[in-house]
$ cat data25.cif   # mmCIF, C-alpha atoms
data_my_file
loop_
_atom_site.group_PDB
_atom_site.id
_atom_site.type_symbol
_atom_site.label_atom_id
_atom_site.label_comp_id
_atom_site.auth_asym_id
_atom_site.auth_seq_id
_atom_site.Cartn_x
_atom_site.Cartn_y
_atom_site.Cartn_z
ATOM 1 C CA MET A 1 0.000 0.000 0.000
ATOM 2 C CA PRO A 2 1.510 3.407 -0.926
ATOM 3 C CA THR A 3 2.529 5.727 1.910
ATOM 4 C CA PHE A 4 0.047 8.458 0.981
ATOM 5 C CA ALA A 5 -2.824 5.951 1.045
ATOM 6 C CA ILE A 6 -1.833 4.848 4.552
ATOM 7 C CA VAL A 7 -1.551 8.479 5.698
ATOM 8 C CA ILE A 8 -5.051 9.167 4.338
ATOM 9 C CA LEU A 9 -6.370 6.041 6.078
ATOM 10 C CA VAL A 10 -4.720 7.082 9.357
ATOM 11 C CA LEU A 11 -6.122 10.618 9.171
ATOM 12 C CA PHE A 12 -9.568 9.296 8.203
ATOM 13 C CA SER A 13 -9.467 6.968 11.221
ATOM 14 C CA ALA A 14 -8.442 9.859 13.471
ATOM 15 C CA VAL A 15 -11.304 12.035 12.181
ATOM 16 C CA LEU A 16 -13.850 9.248 12.757
ATOM 17 C CA ALA A 17 -12.474 8.669 16.259
ATOM 18 C CA GLY A 18 -12.765 12.426 16.832
ATOM 19 C CA VAL A 19 -16.466 12.294 15.930
ATOM 20 C CA VAL A 20 -17.068 9.622 18.576
ATOM 21 C CA VAL A 21 -14.980 11.516 21.147
ATOM 22 C CA VAL A 22 -16.950 14.725 20.574
ATOM 23 C CA ARG A 23 -20.335 12.987 20.516
ATOM 24 C CA PRO A 24 -20.103 9.713 22.462
ATOM 25 C CA VAL A 25 -23.897 9.645 22.629
ATOM 26 C CA ILE A 26 -23.977 8.278 19.082
ATOM 27 C CA THR A 27 -22.713 4.970 20.445
ATOM 28 C CA ALA A 28 -26.073 4.413 22.105
ATOM 29 C CA SER A 29 -27.545 3.107 18.844
ATOM 30 C CA ARG A 30 -26.596 -0.187 17.247
ATOM 31 C CA ALA A 31 -24.985 1.596 14.278
ATOM 32 C CA GLY A 32 -23.057 3.815 16.693
ATOM 33 C CA LYS A 33 -21.719 0.773 18.524
ATOM 34 C CA ILE A 34 -20.528 -0.718 15.241
ATOM 35 C CA LEU A 35 -18.930 2.626 14.342
ATOM 36 C CA ALA A 36 -17.200 2.797 17.729
ATOM 37 C CA PHE A 37 -15.857 -0.734 17.307
ATOM 38 C CA GLY A 38 -14.572 0.171 13.864
ATOM 39 C CA VAL A 39 -12.872 3.416 14.829
ATOM 40 C CA PHE A 40 -11.542 2.324 18.232
ATOM 41 C CA PHE A 41 -10.519 -1.219 17.402
ATOM 42 C CA PHE A 42 -10.397 -2.287 13.790
ATOM 43 C CA LEU A 43 -9.199 0.866 11.997
ATOM 44 C CA PRO A 44 -6.432 1.835 14.484
ATOM 45 C CA LEU A 45 -4.968 -1.671 14.517
ATOM 46 C CA PHE A 46 -5.199 -1.975 10.737
ATOM 47 C CA SER A 47 -3.586 1.462 10.337
ATOM 48 C CA LEU A 48 -0.820 0.542 12.774
ATOM 49 C CA VAL A 49 -0.024 -2.726 11.001
ATOM 50 C CA ALA A 50 -0.098 -1.004 7.597
ATOM 51 C CA GLY A 51 2.146 1.789 8.893
ATOM 52 C CA MET A 52 4.645 -0.624 10.413
ATOM 53 C CA GLU A 53 4.719 -2.678 7.232
ATOM 54 C CA ASN A 54 5.350 0.523 5.273
ATOM 55 C CA GLU A 55 8.206 1.507 7.592
ATOM 56 C CA MET A 56 9.720 -1.975 7.334
ATOM 57 C CA GLN A 57 9.677 -1.674 3.545
ATOM 58 C CA ARG A 58 11.169 1.793 3.729
ATOM 59 C CA SER A 59 13.955 0.565 6.006
ATOM 60 C CA GLU A 60 15.204 -1.590 3.125
ATOM 61 C CA SER A 61 15.685 1.367 0.794
ATOM 62 C CA THR A 62 19.065 2.804 -0.107
ATOM 63 C CA ALA A 63 17.799 6.304 0.729
ATOM 64 C CA PHE A 64 16.863 5.140 4.234
ATOM 65 C CA CYS A 65 20.359 3.747 4.931
ATOM 66 C CA LEU A 66 22.050 6.825 3.536
ATOM 67 C CA SER A 67 19.927 9.222 5.582
ATOM 68 C CA CYS A 68 22.391 8.787 8.473
ATOM 69 C CA HIS A 69 25.377 11.123 8.072
ATOM 70 C CA VAL A 70 27.960 8.436 8.799
ATOM 71 C CA MET A 71 26.686 6.466 5.820
ATOM 72 C CA GLU A 72 27.148 9.300 3.323
ATOM 73 C CA PRO A 73 30.623 8.189 2.139
ATOM 74 C CA TYR A 74 29.268 4.663 1.648
ATOM 75 C CA GLY A 75 26.533 6.096 -0.542
ATOM 76 C CA LYS A 76 29.144 8.069 -2.429
ATOM 77 C CA SER A 77 31.175 4.902 -2.966
ATOM 78 C CA LEU A 78 28.277 3.522 -5.015
ATOM 79 C CA HIS A 79 29.040 6.198 -7.609
ATOM 80 C CA ILE A 80 32.788 5.618 -7.932
ATOM 81 C CA ASP A 81 33.646 5.431 -11.596
ATOM 82 C CA ASP A 82 35.874 2.381 -11.358
ATOM 83 C CA PRO A 83 34.673 -1.187 -12.049
ATOM 84 C CA GLY A 84 37.195 -2.461 -9.519
ATOM 85 C CA TYR A 85 35.045 -1.089 -6.720
ATOM 86 C CA LEU A 86 32.709 -3.944 -5.961
ATOM 87 C CA ALA A 87 29.847 -1.985 -4.385
ATOM 88 C CA GLY A 88 29.863 0.693 -7.090
ATOM 89 C CA ALA A 89 30.032 -1.849 -9.923
ATOM 90 C CA HIS A 90 27.055 -3.755 -8.503
ATOM 91 C CA TYR A 91 25.019 -0.589 -7.964
ATOM 92 C CA GLN A 92 25.778 1.077 -11.295
ATOM 93 C CA ASN A 93 25.168 -2.061 -13.349
ATOM 94 C CA HIS A 94 21.992 -2.981 -11.460
ATOM 95 C CA ARG A 95 23.415 -6.282 -10.289
ATOM 96 C CA VAL A 96 21.566 -5.286 -7.148
ATOM 97 C CA PRO A 97 18.335 -3.240 -7.175
ATOM 98 C CA ALA A 98 19.539 0.378 -7.016
ATOM 99 C CA GLU A 99 16.752 1.367 -4.633
ATOM 100 C CA GLU A 100 17.650 -1.437 -2.187
ATOM 101 C CA ALA A 101 21.387 -1.649 -2.807
ATOM 102 C CA CYS A 102 22.584 -1.688 0.830
ATOM 103 C CA TYR A 103 19.982 -4.152 2.040
ATOM 104 C CA THR A 104 20.513 -6.571 -0.838
ATOM 105 C CA CYS A 105 24.123 -7.225 0.105
ATOM 106 C CA HIS A 106 23.973 -6.596 3.848
ATOM 107 C CA THR A 107 21.117 -8.883 4.788
ATOM 108 C CA ASP A 108 21.630 -12.536 5.612
ATOM 109 C CA TYR A 109 20.047 -14.917 3.153
ATOM 110 C CA ALA A 110 19.232 -17.347 5.928
ATOM 111 C CA MET A 111 15.983 -18.237 7.672
ATOM 112 C CA PHE A 112 16.003 -15.302 10.104
ATOM 113 C CA GLY A 113 18.186 -13.027 8.002
ATOM 114 C CA THR A 114 15.569 -10.319 7.572
ATOM 115 C CA ILE A 115 14.775 -10.257 11.311
ATOM 116 C CA GLN A 116 18.477 -10.123 12.155
ATOM 117 C CA ALA A 117 18.957 -7.277 9.689
ATOM 118 C CA LYS A 118 16.119 -5.336 11.358
ATOM 119 C CA PHE A 119 17.598 -5.873 14.820
ATOM 120 C CA GLY A 120 20.961 -4.800 13.430
ATOM 121 C CA GLY A 121 19.278 -1.658 12.155
ATOM 122 C CA LEU A 122 17.829 -0.963 15.603
ATOM 123 C CA ARG A 123 21.314 -1.340 17.056
ATOM 124 C CA HIS A 124 22.598 1.171 14.509
ATOM 125 C CA LEU A 125 19.844 3.569 15.536
ATOM 126 C CA TYR A 126 20.773 3.203 19.197
ATOM 127 C CA ILE A 127 24.421 3.929 18.470
ATOM 128 C CA TYR A 128 23.567 6.779 16.121
ATOM 129 C CA TYR A 129 21.200 8.621 18.463
ATOM 130 C CA LEU A 130 22.304 7.559 21.942
ATOM 131 C CA GLY A 131 25.835 6.263 21.539
ATOM 132 C CA LYS A 132 28.960 7.544 19.890
ATOM 133 C CA PRO A 133 28.878 6.744 16.174
ATOM 134 C CA PRO A 134 32.293 5.887 14.749
ATOM 135 C CA GLN A 135 33.915 7.781 11.920
ATOM 136 C CA PRO A 136 32.766 6.390 8.546
ATOM 137 C CA GLU A 137 36.193 4.926 7.787
ATOM 138 C CA ASP A 138 36.207 3.115 11.145
ATOM 139 C CA ILE A 139 32.925 1.290 10.560
ATOM 140 C CA LYS A 140 33.442 -2.460 10.396
ATOM 141 C CA LEU A 141 31.119 -5.399 9.808
ATOM 142 C CA TYR A 142 30.005 -7.207 12.974
ATOM 143 C CA LYS A 143 31.205 -10.480 11.489
ATOM 144 C CA PRO A 144 33.117 -11.390 8.327
ATOM 145 C CA PHE A 145 31.078 -11.113 5.153
ATOM 146 C CA ASN A 146 29.593 -14.511 4.357
ATOM 147 C CA ASN A 147 29.959 -15.772 0.778
ATOM 148 C CA ARG A 148 26.379 -16.998 1.061
ATOM 149 C CA GLU A 149 25.212 -13.420 0.431
ATOM 150 C CA CYS A 150 27.202 -13.279 -2.842
ATOM 151 C CA LEU A 151 26.243 -16.789 -3.882
ATOM 152 C CA HIS A 152 22.573 -15.984 -3.404
ATOM 153 C CA CYS A 153 22.811 -14.369 -6.847
ATOM 154 C CA HIS A 154 26.060 -15.630 -8.330
ATOM 155 C CA LEU A 155 25.745 -19.344 -7.652
ATOM 156 C CA GLY A 156 25.037 -21.086 -10.931
ATOM 157 C CA ALA A 157 25.835 -17.996 -12.983
ATOM 158 C CA ARG A 158 28.130 -18.769 -15.914
ATOM 159 C CA SER A 159 30.491 -15.894 -15.138
ATOM 160 C CA PHE A 160 30.971 -17.290 -11.650
ATOM 161 C CA GLU A 161 31.004 -21.025 -12.338
ATOM 162 C CA GLN A 162 33.177 -20.819 -15.456
ATOM 163 C CA GLY A 163 35.230 -17.729 -14.607
ATOM 164 C CA ALA A 164 38.902 -18.187 -15.446
ATOM 165 C CA THR A 165 40.197 -17.052 -12.067
ATOM 166 C CA HIS A 166 37.658 -19.129 -10.169
ATOM 167 C CA ASN A 167 38.788 -22.243 -12.075
ATOM 168 C CA ALA A 168 42.533 -21.607 -12.228
ATOM 169 C CA ASP A 169 42.909 -23.804 -9.171
ATOM 170 C CA PRO A 170 40.430 -26.712 -8.815
ATOM 171 C CA ALA A 171 40.250 -26.060 -5.070
ATOM 172 C CA THR A 172 39.140 -22.446 -5.436
ATOM 173 C CA LEU A 173 35.507 -22.877 -6.435
ATOM 174 C CA PRO A 174 34.679 -25.465 -3.726
ATOM 175 C CA ALA A 175 36.424 -23.244 -1.149
ATOM 176 C CA ILE A 176 34.329 -20.246 -2.181
ATOM 177 C CA LYS A 177 31.140 -22.273 -2.023
ATOM 178 C CA ALA A 178 32.101 -23.626 1.407
ATOM 179 C CA ASN A 179 32.842 -20.087 2.623
ATOM 180 C CA THR A 180 36.409 -21.050 3.534
ATOM 181 C CA LEU A 181 37.791 -18.636 0.949
ATOM 182 C CA SER A 182 36.110 -15.244 1.146
ATOM 183 C CA CYS A 183 35.004 -13.544 -2.066
ATOM 184 C CA ILE A 184 36.338 -10.267 -0.669
ATOM 185 C CA SER A 185 39.632 -11.719 0.541
ATOM 186 C CA SER A 186 42.861 -10.046 -0.412
ATOM 187 C CA GLY A 187 43.719 -10.399 -4.068
ATOM 188 C CA CYS A 188 40.143 -11.247 -5.057
ATOM 189 C CA HIS A 189 37.239 -8.774 -4.845
ATOM 190 C CA ASP A 190 38.847 -6.911 -1.979
ATOM 191 C CA THR A 191 37.967 -3.355 -3.028
ATOM 192 C CA VAL A 192 34.408 -2.925 -1.799
ATOM 193 C CA HIS A 193 33.609 0.552 -0.390
ATOM 194 C CA ASN A 194 37.135 1.475 0.711
ATOM 195 C CA VAL A 195 35.861 4.544 2.521
ATOM 196 C CA GLY A 196 38.722 6.747 3.667
ATOM 197 C CA ARG A 197 41.175 5.195 1.204
ATOM 198 C CA TRP A 198 39.994 6.657 -2.082
ATOM 199 C CA GLY A 199 42.873 9.034 -2.696
ATOM 200 C CA ASP A 200 42.735 11.927 -5.123
ATOM 201 C CA LYS A 201 42.450 9.992 -8.378
ATOM 202 C CA VAL A 202 39.036 8.485 -7.789
ATOM 203 C CA LYS A 203 36.295 9.777 -10.104
ATOM 204 C CA PHE A 204 32.550 9.628 -9.648
ATOM 205 C CA TRP A 205 29.838 8.554 -12.060
ATOM 206 C CA ASP A 206 27.069 11.142 -12.111
ATOM 207 C CA GLY A 207 24.331 8.809 -13.378
ATOM 208 C CA GLY A 208 21.868 6.686 -11.451
ATOM 209 C CA SER A 209 19.518 7.819 -8.757
ATOM 210 C CA MET B 210 -21.626 8.646 38.350
ATOM 211 C CA ARG B 211 -24.212 7.150 35.968
ATOM 212 C CA SER B 212 -23.024 4.201 33.902
ATOM 213 C CA GLY B 213 -23.771 6.091 30.660
ATOM 214 C CA ASP B 214 -21.574 8.990 31.742
ATOM 215 C CA LEU B 215 -18.847 6.606 32.857
ATOM 216 C CA MET B 216 -18.983 4.830 29.510
ATOM 217 C CA ALA B 217 -18.825 8.152 27.629
ATOM 218 C CA ARG B 218 -15.850 9.260 29.727
ATOM 219 C CA ARG B 219 -13.966 6.041 29.077
ATOM 220 C CA LEU B 220 -14.789 6.204 25.380
ATOM 221 C CA ARG B 221 -13.409 9.740 25.295
ATOM 222 C CA ILE B 222 -10.172 8.641 26.962
ATOM 223 C CA ALA B 223 -9.835 5.711 24.563
ATOM 224 C CA GLY B 224 -10.603 7.964 21.615
ATOM 225 C CA ILE B 225 -8.070 10.596 22.617
ATOM 226 C CA LEU B 226 -5.364 7.943 23.034
ATOM 227 C CA VAL B 227 -6.207 6.457 19.627
ATOM 228 C CA ILE B 228 -6.308 9.880 17.942
ATOM 229 C CA VAL B 229 -2.956 10.977 19.379
ATOM 230 C CA GLY B 230 -1.452 7.600 18.432
ATOM 231 C CA LEU B 231 -2.795 7.895 14.892
ATOM 232 C CA LEU B 232 -1.459 11.443 14.542
ATOM 233 C CA VAL B 233 1.969 10.254 15.732
ATOM 234 C CA GLU B 234 1.780 7.483 13.150
ATOM 235 C CA ALA B 235 0.829 9.930 10.385
ATOM 236 C CA LEU B 236 3.769 12.168 11.294
ATOM 237 C CA CYS B 237 6.154 9.215 11.298
ATOM 238 C CA LEU B 238 4.950 8.098 7.878
ATOM 239 C CA VAL B 239 5.803 11.449 6.302
ATOM 240 C CA TRP B 240 9.004 11.856 8.350
ATOM 241 C CA SER B 241 11.670 10.030 6.378
ATOM 242 C CA LYS B 242 14.254 9.551 9.111
ATOM 243 C CA PRO B 243 15.301 6.224 10.619
ATOM 244 C CA ILE B 244 14.120 7.308 14.070
ATOM 245 C CA ALA B 245 10.586 7.568 12.665
ATOM 246 C CA PHE B 246 10.197 3.793 12.814
ATOM 247 C CA VAL B 247 11.109 3.698 16.501
ATOM 248 C CA VAL B 248 8.788 6.598 17.295
ATOM 249 C CA LEU B 249 5.975 4.923 15.346
ATOM 250 C CA VAL B 250 6.341 1.627 17.200
ATOM 251 C CA CYS B 251 7.221 2.898 20.690
ATOM 252 C CA ILE B 252 5.007 5.973 20.947
ATOM 253 C CA GLY B 253 2.375 5.639 18.216
ATOM 254 C CA GLY B 254 1.970 1.897 18.734
ATOM 255 C CA ALA B 255 1.823 2.255 22.514
ATOM 256 C CA LEU B 256 -0.795 5.019 22.349
ATOM 257 C CA ILE B 257 -2.948 3.139 19.854
ATOM 258 C CA GLY B 258 -2.575 -0.069 21.875
ATOM 259 C CA LEU B 259 -3.559 1.712 25.084
ATOM 260 C CA GLY B 260 -6.506 3.331 23.315
ATOM 261 C CA VAL B 261 -7.765 0.010 21.981
ATOM 262 C CA LEU B 262 -7.340 -1.644 25.385
ATOM 263 C CA SER B 263 -9.135 1.263 27.074
ATOM 264 C CA PHE B 264 -11.985 0.879 24.591
ATOM 265 C CA LEU B 265 -12.248 -2.855 25.231
ATOM 266 C CA TYR B 266 -12.070 -2.244 28.976
ATOM 267 C CA SER B 267 -14.849 0.347 28.736
ATOM 268 C CA LEU B 268 -17.071 -2.273 27.082
ATOM 269 C CA VAL B 269 -16.680 -4.861 29.814
ATOM 270 C CA SER B 270 -16.288 -2.680 32.906
ATOM 271 C CA VAL B 271 -19.361 -0.463 32.793
ATOM 272 C CA PRO B 272 -22.520 -2.076 34.211
ATOM 273 C CA PRO B 273 -25.550 -2.035 31.891
ATOM 274 C CA HIS B 274 -28.148 0.749 32.192
ATOM 275 C CA THR B 275 -30.740 0.192 34.872
ATOM 276 C CA ALA B 276 -33.494 0.908 32.369
ATOM 277 C CA ASP B 277 -32.123 -1.661 29.962
ATOM 278 C CA THR B 278 -31.840 -4.254 32.738
ATOM 279 C CA SER B 279 -35.427 -3.780 33.851
ATOM 280 C CA ARG B 280 -36.574 -4.005 30.249
ATOM 281 C CA ALA B 281 -34.616 -7.183 29.715
ATOM 282 C CA ALA B 282 -35.964 -8.834 32.879
ATOM 283 C CA PRO B 283 -38.908 -11.215 32.292
ATOM 284 C CA ASP B 284 -42.322 -10.097 33.582
ATOM 285 C CA LYS B 285 -43.621 -11.950 36.586
#
$ encode --input "data25.cif" --output "structure tokens"
Amino acid sequence: MPTFAIVILVLFSAVLAGVVVVRPVITASRAGKILAFGVFFFLPLFSLVAGMENEMQRSESTAFCLSCHVMEPYGKSLHIDDPGYLAGAHYQNHRVPAEEACYTCHTDYAMFGTIQAKFGGLRHLYIYYLGKPPQPEDIKLYKPFNNRECLHCHLGARSFEQGATHNADPATLPAIKANTLSCISSGCHDTVHNVGRWGDKVKFWDGGS
Amino acid sequence: MRSGDLMARRLRIAGILVIVGLLVEALCLVWSKPIAFVVLVCIGGALIGLGVLSFLYSLVSVPPHTADTSRAAPDK
């Protein structure tokens, strides 16, 4: 449901509740009782669930993640004009949905991955508003990046399965799939965001959203 | 206090809680900051929840009107 529709529903519910608050005598009739049940029980709960669902959806958007100041350089890294930068290359070539770029890579593709990502987001909020947020270049992942998140899309893809580098050593591909050799390990796809280490030569692509 | 007045008072309290909760929710929906989600759940959700519970409580806590009771009682 679009945000504006939920806002209209919420305001409509509030107006109806206001009518009952101003004139509670209308609840004396059968129709008034049904109205009261609707505006004090059904509509508020429906509006709340719809609003929370909307916020959950919004929390997966790139704009949502980048609305915190410490994330600004990470958003900027998506526009680096260099295919060697993993995050930028994925974003600019729509290997991940541009409007959900952060979430697509930084959620766990496991049973409770979405829930864990939401709790992680709440932790970020706590640190951002009540704690001491680190400098952007000091931000680290809570745990090493799991290849499972990459393989969610790349597993079975020809470029991955038959890539020359991936098959140069017969042990490489099984090690990647078993998560014993990280995709972003040194010498492989190790340039991801690289915030704070861009130097002066880095250029930015001005396309995209 | 008459049961009708008590009912009306409790409905008003429930309604005000629900209205304030809904207004908080509406503000959060148009406020595109990460904190909006927390405010929606913790403040808006709590107010709406309290309002709904107050409404349900008002239904079960107020004794029926005397007039209604006498009308409902079988003639002897």
$ interface_residues --input "data25.cif" --of "chain B" --to "chain A" --cutoff "10 Å" --atoms "all atoms listed in the file" --output "PDB file with C-alpha atoms, keeping the file's coordinate frame"
ATOM      1  CA  GLY B 213     -23.771   6.091  30.660  1.00  0.00           C
ATOM      2  CA  ASP B 214     -21.574   8.990  31.742  1.00  0.00           C
ATOM      3  CA  MET B 216     -18.983   4.830  29.510  1.00  0.00           C
ATOM      4  CA  ALA B 217     -18.825   8.152  27.629  1.00  0.00           C
ATOM      5  CA  ARG B 218     -15.850   9.260  29.727  1.00  0.00           C
ATOM      6  CA  ARG B 219     -13.966   6.041  29.077  1.00  0.00           C
ATOM      7  CA  LEU B 220     -14.789   6.204  25.380  1.00  0.00           C
ATOM      8  CA  ARG B 221     -13.409   9.740  25.295  1.00  0.00           C
ATOM      9  CA  ILE B 222     -10.172   8.641  26.962  1.00  0.00           C
ATOM     10  CA  ALA B 223      -9.835   5.711  24.563  1.00  0.00           C
ATOM     11  CA  GLY B 224     -10.603   7.964  21.615  1.00  0.00           C
ATOM     12  CA  ILE B 225      -8.070  10.596  22.617  1.00  0.00           C
ATOM     13  CA  LEU B 226      -5.364   7.943  23.034  1.00  0.00           C
ATOM     14  CA  VAL B 227      -6.207   6.457  19.627  1.00  0.00           C
ATOM     15  CA  ILE B 228      -6.308   9.880  17.942  1.00  0.00           C
ATOM     16  CA  VAL B 229      -2.956  10.977  19.379  1.00  0.00           C
ATOM     17  CA  GLY B 230      -1.452   7.600  18.432  1.00  0.00           C
ATOM     18  CA  LEU B 231      -2.795   7.895  14.892  1.00  0.00           C
ATOM     19  CA  LEU B 232      -1.459  11.443  14.542  1.00  0.00           C
ATOM     20  CA  VAL B 233       1.969  10.254  15.732  1.00  0.00           C
ATOM     21  CA  GLU B 234       1.780   7.483  13.150  1.00  0.00           C
ATOM     22  CA  ALA B 235       0.829   9.930  10.385  1.00  0.00           C
ATOM     23  CA  LEU B 236       3.769  12.168  11.294  1.00  0.00           C
ATOM     24  CA  CYS B 237       6.154   9.215  11.298  1.00  0.00           C
ATOM     25  CA  LEU B 238       4.950   8.098   7.878  1.00  0.00           C
ATOM     26  CA  VAL B 239       5.803  11.449   6.302  1.00  0.00           C
ATOM     27  CA  SER B 241      11.670  10.030   6.378  1.00  0.00           C
ATOM     28  CA  LYS B 242      14.254   9.551   9.111  1.00  0.00           C
ATOM     29  CA  PRO B 243      15.301   6.224  10.619  1.00  0.00           C
ATOM     30  CA  ILE B 244      14.120   7.308  14.070  1.00  0.00           C
ATOM     31  CA  ALA B 245      10.586   7.568  12.665  1.00  0.00           C
ATOM     32  CA  PHE B 246      10.197   3.793  12.814  1.00  0.00           C
ATOM     33  CA  VAL B 247      11.109   3.698  16.501  1.00  0.00           C
ATOM     34  CA  LEU B 249       5.975   4.923  15.346  1.00  0.00           C
ATOM     35  CA  VAL B 250       6.341   1.627  17.200  1.00  0.00           C
ATOM     36  CA  GLY B 253       2.375   5.639  18.216  1.00  0.00           C
ATOM     37  CA  GLY B 254       1.970   1.897  18.734  1.00  0.00           C
ATOM     38  CA  ILE B 257      -2.948   3.139  19.854  1.00  0.00           C
ATOM     39  CA  GLY B 258      -2.575  -0.069  21.875  1.00  0.00           C
ATOM     40  CA  GLY B 260      -6.506   3.331  23.315  1.00  0.00           C
ATOM     41  CA  VAL B 261      -7.765   0.010  21.981  1.00  0.00           C
ATOM     42  CA  LEU B 262      -7.340  -1.644  25.385  1.00  0.00           C
ATOM     43  CA  SER B 263      -9.135   1.263  27.074  1.00  0.00           C
ATOM     44  CA  PHE B 264     -11.985   0.879  24.591  1.00  0.00           C
ATOM     45  CA  LEU B 265     -12.248  -2.855  25.231  1.00  0.00           C
ATOM     46  CA  LEU B 268     -17.071  -2.273  27.082  1.00  0.00           C
TER      47      LEU B 268
END
$ resolve_selection --input "data25.cif" --expression "the PyMOL selection byres ((chain A and resi 98) around 12)" --output "PyMOL selection string"
chain A and resi 60-63+75+78-79+87-97+99-105+207-209
$ write_last_selection --input "data25.cif" --atoms "C-alpha atoms" --output "short mmCIF file (atom, residue, chain, number, x, y, z; two decimals), in the coordinates of the input"
data_model
loop_
_atom_site.label_atom_id
_atom_site.label_comp_id
_atom_site.auth_asym_id
_atom_site.auth_seq_id
_atom_site.Cartn_x
_atom_site.Cartn_y
_atom_site.Cartn_z
CA GLU A 60 15.20 -1.59 3.12
CA SER A 61 15.68 1.37 0.79
CA THR A 62 19.07 2.80 -0.11
CA ALA A 63 17.80 6.30 0.73
CA GLY A 75 26.53 6.10 -0.54
CA LEU A 78 28.28 3.52 -5.01
CA HIS A 79 29.04 6.20 -7.61
CA ALA A 87 29.85 -1.98 -4.38
CA GLY A 88 29.86 0.69 -7.09
CA ALA A 89 30.03 -1.85 -9.92
CA HIS A 90 27.06 -3.76 -8.50
CA TYR A 91 25.02 -0.59 -7.96
CA GLN A 92 25.78 1.08 -11.30
CA ASN A 93 25.17 -2.06 -13.35
CA HIS A 94 21.99 -2.98 -11.46
CA ARG A 95 23.42 -6.28 -10.29
CA VAL A 96 21.57 -5.29 -7.15
CA PRO A 97 18.34 -3.24 -7.18
CA GLU A 99 16.75 1.37 -4.63
CA GLU A 100 17.65 -1.44 -2.19
CA ALA A 101 21.39 -1.65 -2.81
CA CYS A 102 22.58 -1.69 0.83
CA TYR A 103 19.98 -4.15 2.04
CA THR A 104 20.51 -6.57 -0.84
CA CYS A 105 24.12 -7.22 0.10
CA GLY A 207 24.33 8.81 -13.38
CA GLY A 208 21.87 6.69 -11.45
CA SER A 209 19.52 7.82 -8.76
#
$ atom_distance --input "data25.cif" --atom1 "CA of Val192 (chain A)" --atom2 "CA of Tyr85 (chain A)"
5.3 Å
$ atom_distance --input "data25.cif" --atom1 "CA of Ile139 (chain A)" --atom2 "CA of Trp198 (chain A)"
15.4 Å
$ atom_distance --input "data25.cif" --atom1 "CA of Leu141 (chain A)" --atom2 "CA of Gly187 (chain A)"
19.4 Å
$ residues_around --input "data25.cif" --residues "Lys203 (chain A)" --least-positions-apart "6" --cutoff "9 Å" --atoms "only C-alpha atoms" --output "list in words"
His79, Ile80, Asp81 and Asp82 of chain A
$ residues_around --input "data25.cif" --residues "Lys177 (chain A)" --least-positions-apart "3" --cutoff "12 Å" --atoms "only C-alpha atoms" --output "NGL selection string"
:A and (146-152 or 154-156 or 160-161 or 166 or 171-174 or 180-183)
$ residues_near_point --input "data25.cif" --point "(25.5, -9.4, 7.2)" --cutoff "9 Å" --atoms "only C-alpha atoms" --output "list of chain:residue names"
A:Cys105, A:His106, A:Thr107, A:Asp108, A:Tyr109, A:Gly113, A:Gln116, A:Ala117, A:Gly120, A:Leu141, A:Tyr142, A:Lys143, A:Pro144, A:Phe145, A:Asn146, A:Glu149
